[in-house]
$ cat model_25.txt   # compact mmCIF, C-alpha atoms
# COMPACT_ATOMS: atom_id res chain seq x y z
CA MET A 104 0.04 -44.92 4.21
CA THR A 105 3.33 -43.61 2.86
CA CYS A 106 4.26 -43.52 -0.74
CA GLY A 107 7.70 -44.62 -1.91
CA LEU A 108 9.91 -47.58 -1.25
CA SER A 109 9.88 -49.62 1.93
CA ARG A 110 13.09 -49.83 3.96
CA ALA A 111 13.82 -53.30 2.57
CA GLU A 112 13.33 -52.14 -1.02
CA LYS A 113 15.72 -49.21 -0.53
CA TYR A 114 18.60 -51.52 0.35
CA TYR A 115 17.90 -54.16 -2.30
CA SER A 116 20.60 -54.41 -4.94
CA GLY A 117 19.35 -56.05 -8.11
CA LYS A 118 22.93 -56.75 -9.18
CA LYS A 119 23.75 -58.73 -6.02
CA LYS A 120 20.19 -60.06 -5.64
CA MET A 121 20.23 -59.23 -1.94
CA HIS A 122 19.92 -56.37 0.52
CA THR A 123 23.25 -54.58 0.64
CA LEU A 124 25.09 -51.65 2.09
CA LYS A 125 27.77 -50.08 -0.06
CA ASN A 126 31.12 -48.74 1.13
CA GLN A 127 33.66 -46.68 -0.77
CA PHE A 128 37.31 -46.41 0.25
CA ILE A 129 39.61 -43.76 -1.18
CA VAL A 130 43.20 -44.72 -0.48
CA LEU A 131 46.65 -43.52 -1.40
CA PRO A 132 48.65 -45.61 -3.89
CA ASN A 133 51.12 -48.21 -2.58
CA GLU A 134 48.89 -49.04 0.42
CA GLU A 135 50.05 -45.89 2.21
CA ASP A 136 46.87 -44.73 3.94
CA ILE A 137 43.08 -44.61 3.88
CA VAL A 138 42.10 -41.08 2.87
CA ASP A 139 38.30 -41.21 2.95
CA VAL A 140 35.62 -43.75 3.78
CA ILE A 141 31.97 -43.61 2.81
CA VAL A 142 29.99 -46.17 4.75
CA GLY A 143 26.59 -47.78 4.53
CA LYS A 144 25.00 -46.21 1.48
CA LEU A 145 22.09 -47.84 -0.32
CA GLY A 146 23.10 -50.97 -2.20
CA LYS A 147 21.49 -49.83 -5.42
CA THR A 148 23.57 -46.61 -5.55
CA SER A 149 26.06 -46.84 -8.39
CA ASP A 150 29.76 -46.45 -7.62
CA ILE A 151 30.15 -43.36 -9.80
CA ASN A 152 27.22 -41.60 -8.10
CA LEU A 153 28.65 -42.44 -4.71
CA PHE A 154 31.94 -40.86 -5.77
CA ARG A 155 30.26 -37.77 -7.19
CA ALA A 156 28.43 -37.19 -3.91
CA SER A 157 31.75 -37.08 -2.03
CA ARG A 158 33.77 -35.31 -4.73
CA ASP A 159 33.57 -31.86 -3.09
CA LYS A 160 35.87 -33.03 -0.25
CA PHE A 161 38.84 -33.00 -2.63
CA ASP A 162 40.66 -30.49 -4.79
CA PRO A 163 38.79 -30.04 -8.10
CA LYS A 164 42.04 -30.69 -10.00
CA GLN A 165 42.70 -33.96 -8.14
CA LYS A 166 42.82 -37.08 -10.33
CA PHE A 167 41.77 -40.53 -9.11
CA LEU A 168 42.53 -44.05 -10.31
CA ALA A 169 39.58 -46.41 -10.24
CA ASP A 170 38.12 -49.56 -11.71
CA LYS A 171 35.64 -49.68 -14.58
CA ALA A 172 32.65 -49.08 -12.31
CA TYR A 173 33.75 -45.44 -12.03
CA LYS A 174 33.96 -44.74 -15.76
CA GLY A 175 32.34 -41.50 -16.84
CA ASP A 176 33.94 -38.77 -14.73
CA ASP A 177 36.77 -36.54 -15.95
CA ALA A 178 38.52 -36.71 -12.56
CA ILE A 179 38.80 -40.50 -12.73
CA VAL A 180 41.31 -42.48 -14.75
CA THR A 181 40.07 -45.99 -15.58
CA SER A 182 41.46 -48.81 -17.66
CA HIS A 183 40.68 -49.02 -21.35
CA LYS A 184 37.94 -51.40 -22.34
CA LYS A 185 37.47 -52.97 -25.73
CA THR A 186 34.32 -51.94 -27.54
CA LYS A 187 31.92 -54.31 -29.23
CA ASN A 188 33.54 -54.03 -32.66
CA LYS A 189 37.04 -52.82 -31.83
CA GLU A 190 40.01 -54.25 -29.93
CA ILE A 191 42.25 -52.11 -27.75
CA THR A 192 45.66 -51.11 -29.07
CA GLU A 193 49.02 -52.28 -27.72
CA LEU A 194 49.55 -48.83 -26.18
CA GLN A 195 46.21 -49.09 -24.37
CA LYS A 196 47.13 -52.57 -23.14
CA GLN A 197 50.40 -51.17 -21.77
CA GLU A 198 48.53 -48.32 -20.06
CA ASN A 199 46.13 -50.87 -18.53
CA LYS A 200 49.10 -52.84 -17.14
CA GLU A 201 50.63 -49.70 -15.62
CA LEU A 202 47.30 -48.72 -14.06
CA SER A 203 46.80 -52.23 -12.70
CA SER A 204 50.26 -52.26 -11.13
CA ILE A 205 49.37 -49.07 -9.24
CA ARG A 206 45.86 -50.18 -8.32
CA ILE A 207 46.96 -53.55 -6.92
CA GLY A 208 48.04 -51.81 -3.71
CA VAL A 209 44.59 -50.29 -3.39
CA GLU A 210 42.97 -53.70 -3.85
CA HIS A 211 45.30 -55.19 -1.22
CA LEU A 212 44.27 -52.51 1.26
CA ILE A 213 40.58 -53.15 0.59
CA GLY A 214 41.34 -56.85 1.08
CA ARG A 215 42.83 -56.07 4.49
CA ILE A 216 39.54 -54.43 5.46
CA LYS A 217 37.53 -57.36 4.12
CA ILE A 218 39.58 -59.81 6.22
CA PHE A 219 37.40 -58.67 9.11
CA LYS A 220 34.37 -59.96 7.13
CA VAL A 221 32.18 -57.04 8.21
CA ALA A 222 32.44 -55.38 4.80
CA ARG A 223 31.72 -58.53 2.80
CA ASP A 224 29.46 -60.83 4.84
CA ARG A 225 25.98 -60.45 6.25
CA PHE A 226 25.90 -57.81 8.97
CA ARG A 227 23.91 -59.26 11.87
CA LEU A 228 23.94 -56.30 14.23
CA PRO A 229 21.40 -53.46 14.12
CA HIS A 230 21.73 -51.31 11.02
CA ASN A 231 22.60 -48.19 13.04
CA LYS A 232 25.84 -49.83 14.31
CA TYR A 233 27.24 -50.58 10.84
CA ASN A 234 28.98 -47.21 10.44
CA ARG A 235 30.81 -47.49 13.76
CA VAL A 236 31.92 -51.06 13.10
CA ILE A 237 33.32 -50.29 9.62
CA MET A 238 35.12 -47.19 10.90
CA SER A 239 36.60 -49.26 13.74
CA VAL A 240 37.85 -51.84 11.25
CA CYS A 241 39.43 -49.05 9.17
CA GLY A 242 41.09 -47.75 12.33
CA LEU A 243 42.51 -51.19 13.09
CA VAL A 244 43.82 -51.53 9.54
CA ARG A 245 45.44 -48.09 9.70
CA PHE A 246 46.94 -48.91 13.11
CA ARG A 247 48.42 -52.13 11.70
CA MET A 248 49.77 -50.28 8.65
CA ASN A 249 51.47 -47.69 10.86
CA GLN A 250 52.99 -50.42 13.05
CA VAL A 251 54.42 -52.15 9.97
CA PHE A 252 55.89 -48.95 8.56
CA ILE A 253 57.30 -47.83 11.92
CA LEU A 254 59.01 -51.17 12.49
CA GLY A 255 60.17 -51.36 8.87
CA LEU A 256 58.52 -54.72 8.31
CA ASN A 257 56.92 -53.81 4.97
CA SER A 258 55.41 -57.20 4.26

$ encode --input "model_25.txt" --output "structure tokens"
Amino acid sequence: MTCGLSRAEKYYSGKKKMHTLKNQFIVLPNEEDIVDVIVGKLGKTSDINLFRASRDKFDPKQKFLADKAYKGDDAIVTSHKKTKNKEITELQKQENKELSSIRIGVEHLIGRIKIFKVARDRFRLPHNKYNRVIMSVCGLVRFRMNQVFILGLNS
């Protein structure tokens, strides 16, 4: 008898109320390229901890733009959030708009990956094939991006 969590319990995400695998994509602004992909981590792993585990791949002075799930690291710039008793200022609202206008390209690129439905729907193949499938999808997305930029069809 082993102590600890069963395989099913390890992948259970209480937030999603299902068994999940988590992916993290680090991309350049303006949908330029996919820089790093972390695939198939436990669903209950928080986004910020997933980032911290891969942080050593990058320059320590490098800054990142991220959504509110990554709040709490000095290397990450996130949008301002109103507190319970205090509204955000007009300057903070303007900074949030500027950050959102940069991050929209990142969200579009993640959307291109999710078009393949592997990253968002139930994965019905054996668990050990998930990494290869996600990396193949990222390769297809990068190939398509390069074709668009080479042909000058920026659409």

$ closest_residue --input "model_25.txt" --among "A:Ala156, A:Ala172, A:Leu212, A:Val142" --to "Asn126 of chain A" --atoms "all atoms listed in the file"
A:Val142

$ atom_distance --input "model_25.txt" --atom1 "atom CA of Leu168 of chain A" --atom2 "atom CA of Glu134 of chain A"
13.4 Å

$ axis_aligned_box --input "model_25.txt" --around "segment 195-209 of chain A" --padding-each-side "8 Å" --output "AutoDock Vina command-line options"
--center_x 47.6 --center_y -50.9 --center_z -13.9 --size_x 22.0 --size_y 21.2 --size_z 37.0

$ closest_residue --input "model_25.txt" --among "A:Lys187, A:His122, A:Leu145, A:Leu243" --to "Lys217 of chain A" --atoms "only C-alpha atoms"
A:Leu243

$ atom_distance --input "model_25.txt" --atom1 "atom CA of Asp177 of chain A" --atom2 "atom CA of Ile207 of chain A"
21.8 Å

$ atom_distance --input "model_25.txt" --atom1 "atom CA of Asn152 of chain A" --atom2 "atom CA of Ile216 of chain A"
22.4 Å

$ residues_around --input "model_25.txt" --residues "Ser203 of chain A" --least-positions-apart "3" --cutoff "10 Å" --atoms "only C-alpha atoms" --output "PyMOL selection string"
chain A and resi 168-170+181-182+197-200+206-210

$ build_atoms --input "model_25.txt" --residues "segment 208-222 of chain A" --atoms "N, CA and C atoms" --output "compact mmCIF listing (two decimals), keeping the file's coordinate frame"
# COMPACT_ATOMS: atom_id res chain seq x y z
N GLY A 208 47.88 -52.21 -5.11
CA GLY A 208 48.04 -51.81 -3.71
C GLY A 208 46.73 -51.39 -3.09
N VAL A 209 45.91 -50.70 -3.87
CA VAL A 209 44.59 -50.29 -3.39
C VAL A 209 43.73 -51.53 -3.12
N GLU A 210 43.76 -52.48 -4.03
CA GLU A 210 42.97 -53.70 -3.85
C GLU A 210 43.46 -54.49 -2.64
N HIS A 211 44.76 -54.50 -2.40
CA HIS A 211 45.30 -55.19 -1.22
C HIS A 211 44.79 -54.54 0.07
N LEU A 212 44.74 -53.22 0.07
CA LEU A 212 44.27 -52.51 1.26
C LEU A 212 42.78 -52.79 1.51
N ILE A 213 42.00 -52.81 0.46
CA ILE A 213 40.58 -53.15 0.59
C ILE A 213 40.45 -54.60 1.08
N GLY A 214 41.33 -55.47 0.61
CA GLY A 214 41.34 -56.85 1.08
C GLY A 214 41.64 -56.94 2.56
N ARG A 215 42.53 -56.09 3.06
CA ARG A 215 42.83 -56.07 4.49
C ARG A 215 41.59 -55.70 5.31
N ILE A 216 40.78 -54.81 4.77
CA ILE A 216 39.54 -54.43 5.46
C ILE A 216 38.55 -55.59 5.41
N LYS A 217 38.48 -56.26 4.28
CA LYS A 217 37.53 -57.36 4.12
C LYS A 217 37.93 -58.61 4.91
N ILE A 218 39.17 -58.70 5.37
CA ILE A 218 39.58 -59.81 6.22
C ILE A 218 38.70 -59.88 7.46
N PHE A 219 38.25 -58.72 7.92
CA PHE A 219 37.40 -58.67 9.11
C PHE A 219 35.98 -59.15 8.83
N LYS A 220 35.65 -59.40 7.58
CA LYS A 220 34.37 -59.96 7.13
C LYS A 220 33.16 -59.07 7.34
N VAL A 221 33.32 -57.94 7.99
CA VAL A 221 32.18 -57.04 8.21
C VAL A 221 31.76 -56.41 6.89
N ALA A 222 32.72 -56.07 6.04
CA ALA A 222 32.44 -55.38 4.80
C ALA A 222 31.99 -56.32 3.69
